[in-house]
$ cat start.cif   # mmCIF, C-alpha atoms and all ligand atoms
data_upload
#
loop_
_atom_site.label_atom_id
_atom_site.label_comp_id
_atom_site.auth_asym_id
_atom_site.auth_seq_id
_atom_site.Cartn_x
_atom_site.Cartn_y
_atom_site.Cartn_z
CA MET A 298 0.00 0.00 0.00
CA LYS A 299 1.00 3.62 -0.30
CA LEU A 300 1.31 5.22 3.10
CA GLY A 301 1.61 8.64 4.68
CA VAL A 302 3.65 8.12 7.87
CA ILE A 303 3.76 10.53 10.79
CA GLY A 304 5.94 10.05 13.86
CA VAL A 305 4.89 12.03 16.94
CA GLY A 306 7.28 12.44 19.85
CA ASN A 307 10.62 10.78 20.45
CA ALA A 308 9.81 7.07 20.12
CA GLY A 309 7.28 7.69 17.32
CA SER A 310 9.92 9.53 15.28
CA LYS A 311 12.57 6.86 15.86
CA ILE A 312 10.17 4.17 14.69
CA VAL A 313 9.34 6.10 11.53
CA ASP A 314 13.09 6.50 10.97
CA SER A 315 13.59 2.72 11.26
CA MET A 316 10.71 2.14 8.86
CA VAL A 317 12.28 4.43 6.26
CA GLU A 318 15.66 2.75 6.74
CA PHE A 319 14.22 -0.75 6.31
CA GLU A 320 12.21 0.39 3.32
CA GLN A 321 15.33 1.82 1.64
CA LEU A 322 17.45 -1.25 2.39
CA THR A 323 14.87 -3.60 0.91
CA ASN A 324 13.95 -1.38 -2.07
CA ARG A 325 10.36 -1.10 -1.00
CA ASN A 326 8.14 1.83 -1.80
CA LEU A 327 5.72 2.20 1.07
CA CYS A 328 6.23 5.55 2.83
CA ARG A 329 5.19 8.14 0.24
CA HIS A 330 5.00 10.98 2.74
CA VAL A 331 7.03 11.09 5.92
CA LEU A 332 6.73 13.61 8.70
CA VAL A 333 8.02 13.74 12.26
CA ILE A 334 6.56 16.10 14.85
CA ASN A 335 8.18 16.88 18.16
CA THR A 336 8.24 19.35 21.02
CA ALA A 337 11.94 18.85 21.76
CA ARG A 338 14.59 20.13 19.36
CA THR A 339 17.05 17.43 20.44
CA ASP A 340 14.60 14.62 19.69
CA LEU A 341 13.82 16.17 16.33
CA SER A 342 17.45 15.81 15.31
CA LYS A 343 17.62 12.06 16.10
CA PRO A 344 16.23 10.49 12.90
CA ASP A 345 18.86 9.67 10.27
CA HIS A 346 16.57 8.88 7.36
CA VAL A 347 13.89 11.56 7.56
CA PRO A 348 14.59 14.62 5.34
CA ASP A 349 15.23 17.83 7.31
CA ASP A 350 12.25 19.59 5.78
CA ARG A 351 9.96 16.81 7.02
CA ARG A 352 10.57 17.56 10.70
CA ILE A 353 8.37 20.01 12.59
CA LEU A 354 8.94 21.50 15.99
CA ILE A 355 5.74 22.42 17.81
CA GLY A 356 5.27 24.34 21.03
CA ASP A 357 8.49 26.36 20.81
CA THR A 358 6.53 29.43 21.88
CA HIS A 359 4.56 27.56 24.56
CA GLN A 360 5.71 28.72 27.98
CA LYS A 361 6.15 25.19 29.35
CA ALA A 362 7.67 23.54 26.28
CA LYS A 363 9.88 26.22 24.70
CA GLY A 364 11.48 23.70 22.35
CA HIS A 365 12.69 21.51 25.24
CA GLY A 366 9.83 18.98 25.29
CA VAL A 367 6.85 18.62 27.58
CA GLY A 368 8.55 16.68 30.38
CA GLY A 369 6.28 13.66 30.07
CA ASP A 370 3.15 15.75 30.66
CA VAL A 371 0.29 14.45 28.50
CA ASP A 372 -1.85 17.55 29.05
CA VAL A 373 0.91 19.88 27.89
CA GLY A 374 1.53 17.59 24.88
CA ALA A 375 -2.14 17.85 23.89
CA GLU A 376 -2.29 21.60 24.53
CA VAL A 377 0.79 22.31 22.42
CA ALA A 378 -0.64 20.32 19.50
CA LYS A 379 -3.97 22.14 19.73
CA ASN A 380 -2.24 25.53 19.80
CA ASP A 381 -0.11 24.66 16.78
CA LEU A 382 -2.79 22.96 14.70
CA ASP A 383 -2.44 25.51 11.89
CA GLU A 384 1.23 24.71 11.50
CA ILE A 385 0.52 20.97 11.60
CA ARG A 386 -2.27 21.35 9.02
CA ARG A 387 0.11 23.24 6.73
CA ALA A 388 2.55 20.33 6.86
CA PHE A 389 -0.28 17.97 5.90
CA ASP A 390 -1.17 20.18 2.96
CA ASP A 391 1.86 18.71 1.18
CA VAL A 392 0.36 15.25 1.41
CA GLU A 393 -1.38 14.68 -1.87
CA ILE A 394 -3.97 12.33 -0.62
CA HIS A 395 -4.66 10.63 -3.94
CA GLU A 396 -1.11 9.31 -3.59
CA VAL A 397 -1.75 7.43 -0.36
CA ASP A 398 -4.11 4.61 0.61
CA ALA A 399 -3.84 5.27 4.35
CA ILE A 400 -2.05 7.28 7.02
CA LEU A 401 -0.12 5.76 9.92
CA VAL A 402 0.63 7.74 13.08
CA ALA A 403 3.38 6.29 15.28
CA ALA A 404 3.76 7.38 18.91
CA SER A 405 4.61 6.01 22.31
CA LEU A 406 1.86 6.19 24.89
CA GLY A 407 4.20 6.41 27.87
CA GLY A 408 5.69 9.88 27.24
CA GLY A 409 4.07 13.32 26.95
CA THR A 410 4.37 14.44 23.33
CA GLY A 411 3.31 11.25 21.53
CA SER A 412 0.74 10.42 24.17
CA GLY A 413 -0.80 13.90 24.36
CA ALA A 414 -0.29 15.33 20.86
CA GLY A 415 -0.83 12.00 19.04
CA PRO A 416 -4.63 11.82 19.52
CA VAL A 417 -5.02 15.55 18.66
CA ILE A 418 -3.14 15.00 15.40
CA ILE A 419 -5.08 11.82 14.59
CA ASN A 420 -8.32 13.70 15.19
CA GLU A 421 -7.28 16.39 12.74
CA LEU A 422 -6.23 13.84 10.12
CA GLN A 423 -9.59 12.11 10.43
CA LYS A 424 -11.32 15.43 9.77
CA MET A 425 -9.11 16.27 6.80
CA TYR A 426 -9.01 12.93 4.95
CA ASP A 427 -11.37 10.13 3.99
CA GLU A 428 -8.54 7.58 3.98
CA PRO A 429 -8.12 5.36 7.03
CA VAL A 430 -5.86 6.62 9.80
CA TYR A 431 -4.02 3.88 11.72
CA GLY A 432 -2.16 4.18 14.98
CA LEU A 433 1.12 2.43 15.74
CA GLY A 434 1.41 2.71 19.50
CA ILE A 435 4.21 1.77 21.88
CA LEU A 436 3.09 0.56 25.28
CA PRO A 437 5.57 1.28 28.09
CA GLY A 438 7.23 -1.53 30.01
CA LYS A 439 6.01 -2.26 33.53
CA TYR A 440 9.62 -1.83 34.66
CA GLU A 441 9.41 1.89 33.79
CA GLY A 442 7.24 2.66 36.77
CA GLY A 443 4.14 4.73 37.41
CA ARG A 444 4.28 7.80 35.18
CA PRO A 445 4.53 6.03 31.79
CA ALA A 446 1.86 3.55 32.91
CA LEU A 447 -0.45 6.38 33.93
CA ASN A 448 0.19 8.28 30.70
CA SER A 449 -0.63 5.22 28.62
CA ALA A 450 -3.75 4.49 30.67
CA ARG A 451 -4.90 8.05 29.99
CA SER A 452 -4.28 8.05 26.25
CA LEU A 453 -4.95 4.45 25.18
CA GLN A 454 -8.69 4.97 24.85
CA SER A 455 -8.22 8.11 22.72
CA PHE A 456 -5.81 6.32 20.41
CA VAL A 457 -8.09 3.33 19.99
CA SER A 458 -11.30 5.30 19.55
CA LYS A 459 -9.85 7.88 17.14
CA THR A 460 -7.96 5.48 14.84
CA ASP A 461 -9.40 3.04 12.33
CA ASN A 462 -7.06 0.47 13.83
CA PHE A 463 -4.49 0.61 16.59
CA ILE A 464 -1.48 -1.63 16.05
CA ALA A 465 0.26 -2.10 19.37
CA PHE A 466 3.83 -2.89 20.35
CA ASP A 467 4.49 -3.87 23.93
CA ASN A 468 7.92 -2.81 25.21
CA ASP A 469 7.44 -5.13 28.14
CA ALA A 470 7.28 -8.22 25.97
CA TRP A 471 10.32 -7.17 23.93
CA ARG A 472 12.62 -6.07 26.69
CA SER A 473 15.99 -7.79 26.76
CA LYS A 474 17.86 -7.82 30.03
CA GLU A 475 21.19 -8.33 28.28
CA GLN A 476 21.07 -5.02 26.42
CA SER A 477 21.25 -1.41 27.56
CA VAL A 478 18.00 0.53 27.29
CA GLY A 479 19.26 2.36 24.18
CA GLN A 480 20.44 -0.81 22.43
CA GLY A 481 17.20 -2.50 23.40
CA TYR A 482 15.14 0.27 21.82
CA GLU A 483 17.17 0.16 18.63
CA ARG A 484 16.58 -3.57 18.32
CA MET A 485 12.88 -3.21 19.13
CA ASN A 486 12.48 -0.44 16.56
CA ARG A 487 14.12 -2.61 13.89
CA GLU A 488 11.92 -5.57 14.79
CA LEU A 489 8.80 -3.41 14.60
CA ALA A 490 9.89 -1.70 11.36
CA THR A 491 10.55 -5.09 9.73
CA ARG A 492 7.06 -6.29 10.57
CA ILE A 493 5.15 -3.15 9.70
CA VAL A 494 6.98 -2.42 6.43
CA THR A 495 6.80 -6.04 5.26
CA LEU A 496 3.08 -6.07 6.04
CA LEU A 497 1.99 -2.70 4.71
CA GLY A 498 4.55 -2.57 1.88
CA ALA A 499 3.11 -5.71 0.30
CA GLY A 500 1.95 -5.27 -3.25
CA GLU A 501 4.03 -2.16 -4.00
CA TYR A 502 6.57 -3.09 -6.64
CA ASP A 503 7.49 -2.17 -10.19
CA GLU A 504 5.19 -3.27 -12.97
CA ALA A 505 7.62 -5.90 -14.28
CA THR A 506 6.96 -8.08 -11.24
CA VAL A 507 4.33 -10.76 -11.78
CA ALA A 508 2.65 -11.98 -8.62
CA GLU A 509 0.64 -15.18 -8.76
CA ASN A 510 -1.44 -14.44 -5.74
CA ALA A 511 -0.66 -10.78 -5.19
CA MET A 512 -1.56 -8.90 -2.08
CA ASP A 513 -3.71 -5.89 -2.73
CA SER A 514 -3.91 -2.82 -0.51
CA SER A 515 -7.69 -3.29 -0.30
CA ASP A 516 -7.06 -6.64 1.47
CA ILE A 517 -4.89 -4.89 4.06
CA ILE A 518 -7.46 -2.12 4.54
CA ARG A 519 -10.26 -4.66 4.84
CA THR A 520 -8.40 -6.61 7.53
CA LEU A 521 -7.61 -3.47 9.49
CA ASP A 522 -11.16 -2.16 9.21
CA THR A 523 -12.22 -3.38 12.65
CA ASP A 524 -11.81 -0.27 14.84
CA GLY A 525 -9.90 -2.45 17.27
CA ILE A 526 -6.42 -3.27 18.50
CA SER A 527 -4.08 -5.39 16.39
CA SER A 528 -0.98 -7.46 16.86
CA ILE A 529 1.57 -8.76 14.36
CA GLY A 530 3.51 -12.03 14.17
CA TYR A 531 6.55 -12.57 11.98
CA ALA A 532 8.99 -15.28 10.97
CA SER A 533 11.66 -15.41 8.33
CA THR A 534 14.00 -17.94 6.83
CA ALA A 535 17.14 -17.25 4.81
CA VAL A 536 17.21 -18.26 1.18
CA ASP A 537 20.64 -16.85 0.45
CA ARG A 538 23.42 -17.67 2.86
CA LYS A 539 25.66 -14.96 1.42
CA GLU A 540 23.61 -12.14 2.92
CA GLU A 541 25.90 -9.62 4.57
CA GLY A 542 26.18 -5.95 5.28
CA LEU A 543 23.60 -3.46 6.41
CA MET A 544 20.59 -5.73 5.97
CA SER A 545 22.00 -8.34 8.35
CA LYS A 546 21.02 -6.26 11.38
CA PHE A 547 17.37 -6.59 10.42
CA ARG A 548 17.76 -10.37 10.22
CA GLU A 549 18.51 -11.54 13.70
CA ASN A 550 15.80 -14.13 13.84
CA HIS A 551 15.78 -16.07 10.67
CA GLU A 552 16.64 -19.70 10.30
CA ILE A 553 18.55 -21.18 7.43
CA SER A 554 16.39 -22.97 4.88
CA ASN A 555 16.54 -26.74 5.18
CA GLY A 556 15.56 -27.47 1.62
CA SER A 557 12.10 -28.88 2.39
CA SER A 558 9.42 -28.41 -0.26
CA ALA A 559 8.23 -24.86 -0.86
CA ALA A 560 4.68 -25.54 0.33
CA ALA A 561 5.69 -27.26 3.56
CA LYS A 562 8.22 -24.53 4.23
CA ILE A 563 5.59 -21.81 3.85
CA ASN A 564 3.11 -23.60 6.03
CA GLY A 565 5.77 -24.04 8.73
CA LEU A 566 6.88 -20.44 8.42
CA VAL A 567 3.37 -19.05 8.86
CA ARG A 568 2.81 -21.25 11.91
CA ARG A 569 6.08 -20.02 13.33
CA ALA A 570 4.98 -16.41 12.74
CA VAL A 571 1.71 -16.96 14.62
CA ASN A 572 3.52 -18.70 17.48
CA SER A 573 6.33 -16.12 17.58
CA ARG A 574 6.60 -13.27 20.04
CA LEU A 575 3.78 -11.00 18.83
CA THR A 576 4.10 -7.22 18.84
CA LEU A 577 1.32 -7.37 21.43
CA PRO A 578 1.02 -10.70 23.25
CA CYS A 579 -2.59 -11.90 22.98
CA GLU A 580 -4.77 -14.91 22.57
CA VAL A 581 -4.60 -15.53 18.85
CA SER A 582 -8.06 -17.07 18.82
CA SER A 583 -9.58 -13.77 19.98
CA ALA A 584 -8.76 -12.06 16.64
CA ASP A 585 -11.64 -10.99 14.42
CA ARG A 586 -9.78 -11.05 11.14
CA ALA A 587 -6.34 -12.11 9.99
CA LEU A 588 -4.08 -11.44 7.04
CA ILE A 589 -0.98 -13.31 5.88
CA VAL A 590 1.68 -11.67 3.74
CA LEU A 591 4.35 -13.91 2.32
CA SER A 592 7.32 -11.98 1.03
CA GLY A 593 10.39 -13.35 -0.74
CA PRO A 594 11.92 -14.39 -4.06
CA PRO A 595 9.21 -15.50 -6.55
CA SER A 596 10.79 -18.97 -6.82
CA GLU A 597 10.12 -19.56 -3.11
CA LEU A 598 6.44 -18.58 -3.15
CA SER A 599 3.90 -21.37 -3.38
CA ARG A 600 0.20 -20.90 -3.79
CA LYS A 601 -0.46 -24.31 -2.25
CA GLY A 602 1.63 -23.47 0.80
CA LEU A 603 -0.09 -20.14 1.30
CA GLU A 604 -3.53 -21.70 0.94
CA SER A 605 -2.83 -24.44 3.47
CA ALA A 606 -1.37 -21.87 5.89
CA ARG A 607 -4.50 -19.77 5.41
CA GLU A 608 -6.72 -22.73 6.23
CA TRP A 609 -4.64 -23.49 9.31
CA ILE A 610 -5.07 -19.93 10.63
CA GLU A 611 -8.76 -20.03 9.81
CA ALA A 612 -9.11 -23.01 12.13
CA GLU A 613 -6.76 -21.51 14.71
CA VAL A 614 -8.55 -18.15 15.04
CA ASP A 615 -11.97 -19.63 14.50
CA THR A 616 -12.94 -17.16 11.81
CA VAL A 617 -13.55 -17.23 8.08
CA GLU A 618 -12.01 -13.81 7.63
CA VAL A 619 -8.46 -14.79 6.78
CA LEU A 620 -6.92 -13.16 3.72
CA ALA A 621 -3.55 -14.09 2.28
CA GLY A 622 -1.30 -12.79 -0.47
CA ASP A 623 2.16 -12.89 -1.99
CA ASP A 624 4.70 -10.13 -2.07
CA PRO A 625 7.33 -11.22 -4.60
CA ARG A 626 10.72 -9.54 -4.17
CA GLU A 627 13.15 -10.48 -6.92
CA ASN A 628 16.33 -9.78 -4.93
CA ALA A 629 15.14 -10.82 -1.47
CA THR A 630 17.54 -12.95 0.51
CA ALA A 631 14.88 -14.24 2.90
CA LEU A 632 11.40 -15.64 2.81
CA SER A 633 9.25 -13.86 5.40
CA ALA A 634 5.75 -14.41 6.70
CA VAL A 635 3.86 -11.64 8.47
CA VAL A 636 0.54 -12.36 10.13
CA LEU A 637 -1.71 -9.50 11.13
CA LEU A 638 -4.23 -10.33 13.84
CA SER A 639 -6.91 -7.68 13.78
CA ASN A 640 -9.16 -6.71 16.68
CA VAL A 641 -7.63 -8.99 19.28
CA THR A 642 -9.54 -8.76 22.52
CA LYS A 643 -7.72 -11.08 24.94
CA THR A 644 -4.58 -9.09 25.65
CA PRO A 645 -3.35 -9.11 29.27
CA ARG A 646 -1.18 -6.00 28.82
CA ILE A 647 -4.06 -3.90 27.50
CA GLU A 648 -6.26 -5.12 30.33
CA ALA A 649 -3.55 -4.21 32.85
CA ILE A 650 -3.14 -0.71 31.40
CA GLN A 651 -6.87 -0.13 31.38
P1 LIG A 701 7.59 11.80 24.06
O1 LIG A 701 8.60 12.35 23.11
O2 LIG A 701 7.22 12.77 25.14
O3 LIG A 701 6.38 11.24 23.38
O4 LIG A 701 8.28 10.62 24.85
P2 LIG A 701 8.87 9.24 24.37
O5 LIG A 701 8.43 8.92 22.99
O6 LIG A 701 10.32 9.18 24.66
O7 LIG A 701 8.07 8.30 25.36
C1 LIG A 701 8.61 7.61 26.42
C2 LIG A 701 8.13 6.22 26.29
O8 LIG A 701 8.55 5.70 25.05
C3 LIG A 701 8.67 5.29 27.32
O9 LIG A 701 7.57 4.57 27.78
C4 LIG A 701 9.64 4.35 26.61
O10 LIG A 701 9.44 3.06 26.97
C5 LIG A 701 9.28 4.50 25.17
N1 LIG A 701 10.41 4.63 24.24
C6 LIG A 701 11.29 5.67 24.16
N2 LIG A 701 12.12 5.48 23.11
C7 LIG A 701 11.76 4.31 22.52
C8 LIG A 701 12.21 3.60 21.38
O11 LIG A 701 13.14 3.99 20.67
N3 LIG A 701 11.56 2.43 21.09
C9 LIG A 701 10.55 1.95 21.84
N4 LIG A 701 9.98 0.78 21.46
N5 LIG A 701 10.09 2.61 22.91
C10 LIG A 701 10.68 3.77 23.24
#
$ encode --input "start.cif" --output "structure tokens" --more "lines below"
Ligand code: GDP
Amino acid sequence: MKLGVIGVGNAGSKIVDSMVEFEQLTNRNLCRHVLVINTARTDLSKPDHVPDDRRILIGDTHQKAKGHGVGGDVDVGAEVAKNDLDEIRRAFDDVEIHEVDAILVAASLGGGTGSGAGPVIINELQKMYDEPVYGLGILPGKYEGGRPALNSARSLQSFVSKTDNFIAFDNDAWRSKEQSVGQGYERMNRELATRIVTLLGAGEYDEATVAENAMDSSDIIRTLDTDGISSIGYASTAVDRKEEGLMSKFRENHEISNGSSAAAKINGLVRRAVNSRLTLPCEVSSADRALIVLSGPPSELSRKGLESAREWIEAEVDTVEVLAGDDPRENATALSAVVLLSNVTKTPRIEAIQ
């Protein structure tokens, strides 16, 4: 699909940056419009892959923010965004909406800018555009203590009610005790970017590519059209052992192909994706709809494998609404399966935050 992507606050902007990096490294063409919005000048300078003219500082004249952030205060985050709506709207004016199928707003719920300004910005986007507006929200870890938990409890409902779908990522589930906080975030952001770009970037390739069972953006929109909370599973297996260089950091989890038949491999891969650590741990069977994207070299894609994986998920989530499609990538060095579980209701972390 063609996407307008907006990062709000520190974590939201870093995630958008990772998405753009992954997209560039894999020659995908998903993020047609990129924008990061922040209240802190220092955070605004962090992204490496977002053009300078696609970064906006808000609240620099606000007496509490003054370009130094909102100090984790959700109310100030919301107030600053409301005060600067004209400036934000002007930045959206550049987004030629016929060029995008949907808009994704990434933000963490545990801070002040993303948590407070995020829902205000989403509200404005919903007023301005007919296209769906999705949220990509980071839930704080329990280990972070009271303030982030309280912030997320306050803003979760706004994010969920204002977006057409809220895709969640739970820092708690992805925390690694072996890494520093900074290293941990970098890894988490890459993991999330890999999943979201592989999922939403499906179907966007040059016209020379022939897909047998191609994913269409309308299938992605249909699956996300539940007004609920979603989680994503992912698994990948190497098809080229020579893979080196920059891409290798996005490939920490794949297994080397064992030469089994294409169909069996795909079926196994999709099952592994569903049973993997999800972006938001949940009971898979509570999902309303599901979507499988299988991305990799055309020679590795098998219609039979995808169909049997689809049937397996259908039984697993107890629903007939399971869509599946290919995403052929001529030069891909891995075969990846992404499974989107839409409108999951049995999610302990969401219940705890609420
Ligand atoms: P804001 O700029 O005021 O919105 O504040 P932040 O985005 O820094 O929000 C703080 C919350 O974001 C905390 O709950 C952190 O757990 C989380 N966070 C900060 N940076 C990252 C990151 O790079 N990745 C992830 N996954 N979470 C982050």
$ closest_atom_pairs --input "start.cif" --of "chain A" --to "ligand LIG 701 (chain A)" --cutoff "7 Å" --atoms "only C-alpha atoms and all ligand atoms" --output "JSON lines"
{"residue": "A:Val305", "atom": "CA", "partner": "A:LIG701", "partner_atom": "O3", "distance": 6.7}
{"residue": "A:Gly306", "atom": "CA", "partner": "A:LIG701", "partner_atom": "O1", "distance": 3.5}
{"residue": "A:Asn307", "atom": "CA", "partner": "A:LIG701", "partner_atom": "O1", "distance": 3.7}
{"residue": "A:Ala308", "atom": "CA", "partner": "A:LIG701", "partner_atom": "O5", "distance": 3.7}
{"residue": "A:Gly309", "atom": "CA", "partner": "A:LIG701", "partner_atom": "O5", "distance": 5.9}
{"residue": "A:Lys311", "atom": "CA", "partner": "A:LIG701", "partner_atom": "O11", "distance": 5.6}
{"residue": "A:Ile312", "atom": "CA", "partner": "A:LIG701", "partner_atom": "O11", "distance": 6.7}
{"residue": "A:Asn335", "atom": "CA", "partner": "A:LIG701", "partner_atom": "O1", "distance": 6.7}
{"residue": "A:Gly366", "atom": "CA", "partner": "A:LIG701", "partner_atom": "O2", "distance": 6.7}
{"residue": "A:Val367", "atom": "CA", "partner": "A:LIG701", "partner_atom": "O2", "distance": 6.3}
{"residue": "A:Gly368", "atom": "CA", "partner": "A:LIG701", "partner_atom": "O2", "distance": 6.7}
{"residue": "A:Gly369", "atom": "CA", "partner": "A:LIG701", "partner_atom": "O2", "distance": 5.1}
{"residue": "A:Ala404", "atom": "CA", "partner": "A:LIG701", "partner_atom": "O5", "distance": 6.4}
{"residue": "A:Ser405", "atom": "CA", "partner": "A:LIG701", "partner_atom": "O8", "distance": 4.8}
{"residue": "A:Leu406", "atom": "CA", "partner": "A:LIG701", "partner_atom": "C2", "distance": 6.4}
{"residue": "A:Gly407", "atom": "CA", "partner": "A:LIG701", "partner_atom": "O9", "distance": 3.8}
{"residue": "A:Gly408", "atom": "CA", "partner": "A:LIG701", "partner_atom": "O7", "distance": 3.4}
{"residue": "A:Gly409", "atom": "CA", "partner": "A:LIG701", "partner_atom": "O2", "distance": 3.7}
{"residue": "A:Thr410", "atom": "CA", "partner": "A:LIG701", "partner_atom": "O2", "distance": 3.8}
{"residue": "A:Gly411", "atom": "CA", "partner": "A:LIG701", "partner_atom": "O3", "distance": 3.6}
{"residue": "A:Ser412", "atom": "CA", "partner": "A:LIG701", "partner_atom": "O3", "distance": 5.8}
{"residue": "A:Ile435", "atom": "CA", "partner": "A:LIG701", "partner_atom": "N4", "distance": 5.9}
{"residue": "A:Leu436", "atom": "CA", "partner": "A:LIG701", "partner_atom": "O9", "distance": 6.5}
{"residue": "A:Pro437", "atom": "CA", "partner": "A:LIG701", "partner_atom": "O9", "distance": 3.9}
{"residue": "A:Gly438", "atom": "CA", "partner": "A:LIG701", "partner_atom": "O10", "distance": 5.9}
{"residue": "A:Glu441", "atom": "CA", "partner": "A:LIG701", "partner_atom": "O9", "distance": 6.8}
{"residue": "A:Pro445", "atom": "CA", "partner": "A:LIG701", "partner_atom": "O9", "distance": 5.2}
{"residue": "A:Asn468", "atom": "CA", "partner": "A:LIG701", "partner_atom": "N4", "distance": 5.6}
{"residue": "A:Tyr482", "atom": "CA", "partner": "A:LIG701", "partner_atom": "N3", "distance": 4.2}
{"residue": "A:Glu483", "atom": "CA", "partner": "A:LIG701", "partner_atom": "O11", "distance": 5.9}
{"residue": "A:Met485", "atom": "CA", "partner": "A:LIG701", "partner_atom": "N4", "distance": 5.5}
{"residue": "A:Asn486", "atom": "CA", "partner": "A:LIG701", "partner_atom": "N3", "distance": 5.4}
$ atom_distance --input "start.cif" --atom1 "CA of Glu421 (chain A)" --atom2 "CA of Gly301 (chain A)"
14.3 Å
$ residues_around --input "start.cif" --residues "region 339-354 of chain A" --least-positions-apart "5" --cutoff "8 Å" --atoms "all atoms listed in the file" --output "PyMOL selection string"
chain A and resi 306-307+310-311+314-315+317-318+331-334+364-365+385
$ residues_around --input "start.cif" --residues "Met512 (chain A)" --least-positions-apart "4" --cutoff "10 Å" --atoms "all atoms listed in the file" --output "list in words"
Met298, Leu496, Leu497, Gly498, Ala499, Gly500, Glu501, Ala508, Asp516, Ile517, Leu588, Ile589, Val590, Leu591, Ser592, Leu620, Ala621, Gly622, Asp623, Asp624 and Pro625 of chain A
$ atom_distance --input "start.cif" --atom1 "CA of Leu637 (chain A)" --atom2 "CA of Ser527 (chain A)"
7.1 Å
$ residues_around --input "start.cif" --residues "region 457-463 of chain A" --least-positions-apart "2" --cutoff "12 Å" --atoms "all atoms listed in the file" --output "PyMOL selection string"
chain A and resi 399-404+406+415-424+427-436+449-455+465-466+517-529+576-577+637-641+647+651
$ residues_near_point --input "start.cif" --point "(-10.4, -16.2, 15.8)" --cutoff "9 Å" --atoms "only C-alpha atoms" --output "VMD selection string"
chain A and resid 580 to 587 610 to 618 638 641
